[in-house]
There are 2 protein chains.
Amino acid sequence: MDAPEIRLIPVYLEDEILPGDGLLQKLNAALRHQKIALAGNDVIVIKHKIISKAEGRVVRLESVRPRKSAVSWGRRYHVDARVIELSLRESKRIVRQKNGVLITETHYGFVCANSGVDASNVDGGKSAVLLPENSDRSAARLRSQIKKAFGISVAVIVSDSFGRPWREGLTEVAIGVAGIQPLHDYRGERDPHGYKLRATTEAVADELACAAGLVCGKLSRTPVCIVRGFSGRRGRGSARDLVRKKNDLFR
Amino acid sequence: MDAPEIRLIPVYLEDEILPGDGLLQKLNAALRHQKIALAGNDVIVIKHKIISKAEGRVVRLESVRPRKSAVSWGRRYHVDARVIELSLRESKRIVRQKNGVLITETHYGFVCANSGVDASNVDGGKSAVLLPENSDRSAARLRSQIKKAFGISVAVIVSDSFGRPWREGLTEVAIGVAGIQPLHDYRGERDPHGYKLRATTEAVADELACAAGLVCGKLSRTPVCIVRGFSGRRGRGSARDLVRKKNDLFR
């Protein structure tokens, strides 16, 4: 039952990632440069932005023609109407739109601000990055590439920073998952006093993403973190398991 | 800019914590037993439950007489009416009450299920534990005790597991903070491409709590984690800084 120590190892990617780039090659070069060897129980947490870039999910803002409602919203709240336009295109539903905040449900199912569309850490504001179309597939692809290249079964988590109701600040969340169960369900298990837990499901994939967020800076080129020593359950899983489907009182 | 590696070191407390117990003594004994020496930049993340126990915030359920609405709610959703009664007493406002879920705002200001009242990890279901009355004060007290005893300035975070809208599972959050700024505000800073960040405030205290959650099991006696190597900003802070006060669309 006792958990061992965990290490959070940041991985620096010096090069900019461009559409069509092979992430595995970049990652491999960075690991060699830092003299890090991957291990079988590692969890690789990777910011979605470099995956989106490699997958070509980057849009030149000058090519975007915002609809009227996006223009007036942008004017009213001093935000780029073209980013709002992209956010609306990337959404299947608006959850809330008020006081300059646009919360949407993305086509893939996440509820977040602006459908995850963001112009930071791209090219100085000329382009915006979208979320991967299917971030579970992105995670699975990297996992299988690592397996092929190194013969090692790691878990992969693709992360983004989401805001949340009631609490200030963003925290990292898992938007893509491969090789790990994103939820640890303690329900039915008993605590050291014999009390049966009834409401305790832990979102370990989100906690892993948060842990990685502590070493992956917003202003530096450290978009990858290796979490080493985590004893959680391996197995199949999807970031969609983390999306609340029923009994959500705030949709 | 480059972040160093971070270590998450679990601390096992073999003994049960009882009302009036000195946390510092228990922690000190555990650290000696595990041969861990605290270091100046350590962040000590501690589950609120052992703090609540030491502070006597434990209520025998047989002493609680639930109000009528708690009884009918409990009957309807198969939950203990006495826990609901305590949750209502610990709240200043009900945020949502529907489908068996009771979301309240606590007197101290947190929005969470059942005001944080919980019967697990106490004594097998005979008693419930309340949140500390002022969990920032609890954090500050432990920090100053550690400073006095060891001459070392650590940061202390008191944590609990909260659910959240839109996403399944609980994650750890900071409900008490001392010696660290809980939010890192990147607004106005520039990314490597010169783009000025405008909406990026990171809830580092919550991410630290989540990281600790990876080694602090729900079923084992590891209620303390030392986060070593975190390079975030020290300074004054309160867990109340993490509570969204304005522009919350979901209250």
# chains A, B, ... in the order shown; residues from 1 in each chain; ligands from 1
call {"tool": "residues_around", "arguments": {"residues": "Arg190 in chain B", "least_positions_apart": "6", "cutoff": "10 Å", "atoms": "only C-alpha atoms", "output": "PyMOL selection string"}}
result
(chain A and resi 120-121+124+218-219) or (chain B and resi 196-198)
call {"tool": "residues_around", "arguments": {"residues": "range 84-97 of chain A", "least_positions_apart": "4", "cutoff": "7 Å", "atoms": "only C-alpha atoms", "output": "list in words"}}
result
Pro66, Arg67, Ala70, Asp80, Val101, Leu102, Ile103, Thr104, Glu105, Thr106, His107, Asn114, Ser115, Val117 and Arg251 of chain A
call {"tool": "closest_residue", "arguments": {"among": "A:Asp160, A:Asp42, A:Glu5, A:Glu62", "to": "chain B", "atoms": "only C-alpha atoms"}}
result
A:Glu5
call {"tool": "select_by_dssp", "arguments": {"residues": "range 30-161 of chain A", "states": "alpha helix (DSSP H)", "output": "ChimeraX atom specification"}}
result
/A:30-33,48-54,68-77,81-89,135-150
call {"tool": "write_last_selection", "arguments": {"atoms": "C-alpha atoms", "output": "PDB file, in the first residue's frame"}}
result
ATOM      1  CA  ALA A  30      16.116  15.858 -26.068  1.00  0.00           C
ATOM      2  CA  LEU A  31      16.337  12.746 -23.895  1.00  0.00           C
ATOM      3  CA  ARG A  32      19.770  11.869 -25.285  1.00  0.00           C
ATOM      4  CA  HIS A  33      20.948  15.418 -24.774  1.00  0.00           C
ATOM      5  CA  HIS A  48      -0.915  19.504 -26.059  1.00  0.00           C
ATOM      6  CA  LYS A  49       0.514  22.535 -27.795  1.00  0.00           C
ATOM      7  CA  ILE A  50       3.523  20.774 -29.279  1.00  0.00           C
ATOM      8  CA  ILE A  51       1.294  17.899 -30.361  1.00  0.00           C
ATOM      9  CA  SER A  52      -1.162  20.298 -31.976  1.00  0.00           C
ATOM     10  CA  LYS A  53       1.728  21.996 -33.756  1.00  0.00           C
ATOM     11  CA  ALA A  54       3.166  18.715 -35.015  1.00  0.00           C
ATOM     12  CA  LYS A  68     -20.712  39.160 -36.603  1.00  0.00           C
ATOM     13  CA  SER A  69     -21.379  37.916 -33.075  1.00  0.00           C
ATOM     14  CA  ALA A  70     -17.665  37.196 -32.609  1.00  0.00           C
ATOM     15  CA  VAL A  71     -16.765  40.693 -33.808  1.00  0.00           C
ATOM     16  CA  SER A  72     -19.133  42.404 -31.389  1.00  0.00           C
ATOM     17  CA  TRP A  73     -18.081  40.129 -28.514  1.00  0.00           C
ATOM     18  CA  GLY A  74     -14.426  40.832 -29.271  1.00  0.00           C
ATOM     19  CA  ARG A  75     -15.018  44.573 -29.432  1.00  0.00           C
ATOM     20  CA  ARG A  76     -16.958  44.566 -26.193  1.00  0.00           C
ATOM     21  CA  TYR A  77     -14.403  42.613 -24.171  1.00  0.00           C
ATOM     22  CA  ALA A  81     -12.638  38.223 -32.640  1.00  0.00           C
ATOM     23  CA  ARG A  82     -10.773  35.714 -34.810  1.00  0.00           C
ATOM     24  CA  VAL A  83      -9.856  33.650 -31.747  1.00  0.00           C
ATOM     25  CA  ILE A  84     -13.522  33.736 -30.714  1.00  0.00           C
ATOM     26  CA  GLU A  85     -14.515  32.650 -34.218  1.00  0.00           C
ATOM     27  CA  LEU A  86     -12.143  29.678 -34.019  1.00  0.00           C
ATOM     28  CA  SER A  87     -13.442  28.861 -30.527  1.00  0.00           C
ATOM     29  CA  LEU A  88     -16.995  28.727 -31.846  1.00  0.00           C
ATOM     30  CA  ARG A  89     -15.967  26.552 -34.802  1.00  0.00           C
ATOM     31  CA  SER A 135      -6.069  13.894 -28.120  1.00  0.00           C
ATOM     32  CA  ASP A 136      -6.474  10.289 -26.951  1.00  0.00           C
ATOM     33  CA  ARG A 137      -5.373   9.156 -30.394  1.00  0.00           C
ATOM     34  CA  SER A 138      -2.407  11.561 -30.197  1.00  0.00           C
ATOM     35  CA  ALA A 139      -1.412  10.041 -26.847  1.00  0.00           C
ATOM     36  CA  ALA A 140      -1.823   6.496 -28.145  1.00  0.00           C
ATOM     37  CA  ARG A 141       0.260   7.257 -31.227  1.00  0.00           C
ATOM     38  CA  LEU A 142       3.184   8.623 -29.206  1.00  0.00           C
ATOM     39  CA  ARG A 143       2.942   5.697 -26.813  1.00  0.00           C
ATOM     40  CA  SER A 144       3.104   3.183 -29.635  1.00  0.00           C
ATOM     41  CA  GLN A 145       5.995   5.047 -31.313  1.00  0.00           C
ATOM     42  CA  ILE A 146       7.935   4.938 -28.040  1.00  0.00           C
ATOM     43  CA  LYS A 147       7.142   1.248 -27.688  1.00  0.00           C
ATOM     44  CA  LYS A 148       8.445   0.565 -31.195  1.00  0.00           C
ATOM     45  CA  ALA A 149      11.552   2.719 -30.860  1.00  0.00           C
ATOM     46  CA  PHE A 150      12.644   1.765 -27.342  1.00  0.00           C
TER      47      PHE A 150
END
call {"tool": "residues_around", "arguments": {"residues": "Ala155 in chain B", "least_positions_apart": "2", "cutoff": "7 Å", "atoms": "only C-alpha atoms", "output": "PyMOL selection string"}}
result
chain B and resi 42-44+143+153+157+178-180
call {"tool": "residues_around", "arguments": {"residues": "Lys246 in chain B", "least_positions_apart": "4", "cutoff": "12 Å", "atoms": "only C-alpha atoms", "output": "PDB file with C-alpha atoms, in the first residue's frame"}}
result
ATOM      1  CA  ASN A  99     -18.728  38.931 -18.872  1.00  0.00           C
ATOM      2  CA  PRO A 165     -15.631  27.322 -11.514  1.00  0.00           C
ATOM      3  CA  TRP A 166     -15.276  28.599  -7.942  1.00  0.00           C
ATOM      4  CA  ARG A 167     -11.485  28.612  -7.911  1.00  0.00           C
ATOM      5  CA  GLU A 168      -8.998  31.102  -9.291  1.00  0.00           C
TER       6      GLU A 168
ATOM      7  CA  ASP B 241      -6.691  33.747  -2.840  1.00  0.00           C
ATOM      8  CA  LEU B 242      -7.705  30.559  -4.663  1.00  0.00           C
ATOM      9  CA  PHE B 250     -21.462  29.050 -11.740  1.00  0.00           C
ATOM     10  CA  ARG B 251     -22.439  30.130  -8.243  1.00  0.00           C
TER      11      ARG B 251
END
call {"tool": "residues_around", "arguments": {"residues": "Leu61 in chain A", "least_positions_apart": "4", "cutoff": "7 Å", "atoms": "only C-alpha atoms", "output": "compact mmCIF listing (two decimals) with N, CA, C and O atoms, in the first residue's frame"}}
result
# COMPACT_ATOMS: atom_id res chain seq x y z
N ARG A 82 -11.12 36.89 -34.01
CA ARG A 82 -10.77 35.71 -34.81
C ARG A 82 -10.54 34.50 -33.92
O ARG A 82 -10.85 33.37 -34.29
N LYS A 126 0.50 35.82 -34.33
CA LYS A 126 0.01 35.78 -35.71
C LYS A 126 -0.89 34.56 -35.95
O LYS A 126 -1.76 34.57 -36.79
N SER A 127 -0.65 33.50 -35.16
CA SER A 127 -1.42 32.27 -35.34
C SER A 127 -2.00 31.81 -34.01
O SER A 127 -1.55 32.21 -32.94
N ALA A 128 -3.01 30.95 -34.10
CA ALA A 128 -3.59 30.33 -32.90
C ALA A 128 -3.47 28.82 -33.04
O ALA A 128 -3.46 28.28 -34.14
call {"tool": "decode", "arguments": {"residues": "range 159-180 of chain A", "atoms": "N, CA and C atoms", "output": "PDB file, in the first residue's frame"}}
result
ATOM      1  N   SER A 159      -1.676  17.083 -21.988  1.00  0.00           N
ATOM      2  CA  SER A 159      -2.281  17.994 -21.009  1.00  0.00           C
ATOM      3  C   SER A 159      -2.562  19.373 -21.587  1.00  0.00           C
ATOM      4  N   ASP A 160      -3.500  20.055 -20.966  1.00  0.00           N
ATOM      5  CA  ASP A 160      -3.752  21.463 -21.248  1.00  0.00           C
ATOM      6  C   ASP A 160      -4.085  22.143 -19.921  1.00  0.00           C
ATOM      7  N   SER A 161      -4.045  23.474 -19.900  1.00  0.00           N
ATOM      8  CA  SER A 161      -4.421  24.223 -18.693  1.00  0.00           C
ATOM      9  C   SER A 161      -5.872  24.655 -18.814  1.00  0.00           C
ATOM     10  N   PHE A 162      -6.696  24.241 -17.868  1.00  0.00           N
ATOM     11  CA  PHE A 162      -8.105  24.647 -17.862  1.00  0.00           C
ATOM     12  C   PHE A 162      -8.389  25.482 -16.617  1.00  0.00           C
ATOM     13  N   GLY A 163      -9.281  26.443 -16.748  1.00  0.00           N
ATOM     14  CA  GLY A 163      -9.839  27.097 -15.575  1.00  0.00           C
ATOM     15  C   GLY A 163     -10.955  26.247 -14.998  1.00  0.00           C
ATOM     16  N   ARG A 164     -11.506  26.678 -13.873  1.00  0.00           N
ATOM     17  CA  ARG A 164     -12.581  25.916 -13.254  1.00  0.00           C
ATOM     18  C   ARG A 164     -13.481  26.862 -12.486  1.00  0.00           C
ATOM     19  N   PRO A 165     -14.740  26.506 -12.333  1.00  0.00           N
ATOM     20  CA  PRO A 165     -15.631  27.322 -11.514  1.00  0.00           C
ATOM     21  C   PRO A 165     -15.133  27.379 -10.067  1.00  0.00           C
ATOM     22  N   TRP A 166     -15.466  28.443  -9.388  1.00  0.00           N
ATOM     23  CA  TRP A 166     -15.276  28.599  -7.942  1.00  0.00           C
ATOM     24  C   TRP A 166     -13.845  28.847  -7.516  1.00  0.00           C
ATOM     25  N   ARG A 167     -12.878  28.446  -8.333  1.00  0.00           N
ATOM     26  CA  ARG A 167     -11.485  28.612  -7.911  1.00  0.00           C
ATOM     27  C   ARG A 167     -10.707  29.424  -8.938  1.00  0.00           C
ATOM     28  N   GLU A 168      -9.833  30.278  -8.431  1.00  0.00           N
ATOM     29  CA  GLU A 168      -8.998  31.102  -9.291  1.00  0.00           C
ATOM     30  C   GLU A 168      -7.882  30.270  -9.908  1.00  0.00           C
ATOM     31  N   GLY A 169      -7.402  30.706 -11.047  1.00  0.00           N
ATOM     32  CA  GLY A 169      -6.206  30.115 -11.625  1.00  0.00           C
ATOM     33  C   GLY A 169      -6.506  28.896 -12.474  1.00  0.00           C
ATOM     34  N   LEU A 170      -5.568  28.616 -13.370  1.00  0.00           N
ATOM     35  CA  LEU A 170      -5.667  27.425 -14.203  1.00  0.00           C
ATOM     36  C   LEU A 170      -4.899  26.298 -13.535  1.00  0.00           C
ATOM     37  N   THR A 171      -5.328  25.066 -13.802  1.00  0.00           N
ATOM     38  CA  THR A 171      -4.508  23.905 -13.442  1.00  0.00           C
ATOM     39  C   THR A 171      -4.447  23.007 -14.671  1.00  0.00           C
ATOM     40  N   GLU A 172      -3.427  22.175 -14.719  1.00  0.00           N
ATOM     41  CA  GLU A 172      -3.305  21.251 -15.840  1.00  0.00           C
ATOM     42  C   GLU A 172      -4.338  20.130 -15.710  1.00  0.00           C
ATOM     43  N   VAL A 173      -4.864  19.713 -16.843  1.00  0.00           N
ATOM     44  CA  VAL A 173      -5.764  18.559 -16.875  1.00  0.00           C
ATOM     45  C   VAL A 173      -5.323  17.638 -18.004  1.00  0.00           C
ATOM     46  N   ALA A 174      -5.763  16.389 -17.922  1.00  0.00           N
ATOM     47  CA  ALA A 174      -5.441  15.408 -18.960  1.00  0.00           C
ATOM     48  C   ALA A 174      -6.505  15.478 -20.045  1.00  0.00           C
ATOM     49  N   ILE A 175      -6.084  15.768 -21.281  1.00  0.00           N
ATOM     50  CA  ILE A 175      -7.046  15.759 -22.393  1.00  0.00           C
ATOM     51  C   ILE A 175      -6.765  14.603 -23.352  1.00  0.00           C
ATOM     52  N   GLY A 176      -5.700  13.863 -23.084  1.00  0.00           N
ATOM     53  CA  GLY A 176      -5.416  12.659 -23.862  1.00  0.00           C
ATOM     54  C   GLY A 176      -4.708  11.673 -22.952  1.00  0.00           C
ATOM     55  N   VAL A 177      -5.052  10.412 -23.071  1.00  0.00           N
ATOM     56  CA  VAL A 177      -4.547   9.407 -22.143  1.00  0.00           C
ATOM     57  C   VAL A 177      -4.277   8.113 -22.905  1.00  0.00           C
ATOM     58  N   ALA A 178      -3.138   7.486 -22.639  1.00  0.00           N
ATOM     59  CA  ALA A 178      -2.872   6.169 -23.231  1.00  0.00           C
ATOM     60  C   ALA A 178      -2.040   5.338 -22.268  1.00  0.00           C
ATOM     61  N   GLY A 179      -2.461   4.108 -22.040  1.00  0.00           N
ATOM     62  CA  GLY A 179      -1.672   3.188 -21.224  1.00  0.00           C
ATOM     63  C   GLY A 179      -1.833   3.369 -19.734  1.00  0.00           C
ATOM     64  N   ILE A 180      -2.870   4.081 -19.325  1.00  0.00           N
ATOM     65  CA  ILE A 180      -3.098   4.287 -17.893  1.00  0.00           C
ATOM     66  C   ILE A 180      -4.584   4.517 -17.665  1.00  0.00           C
TER      67      ILE A 180
END
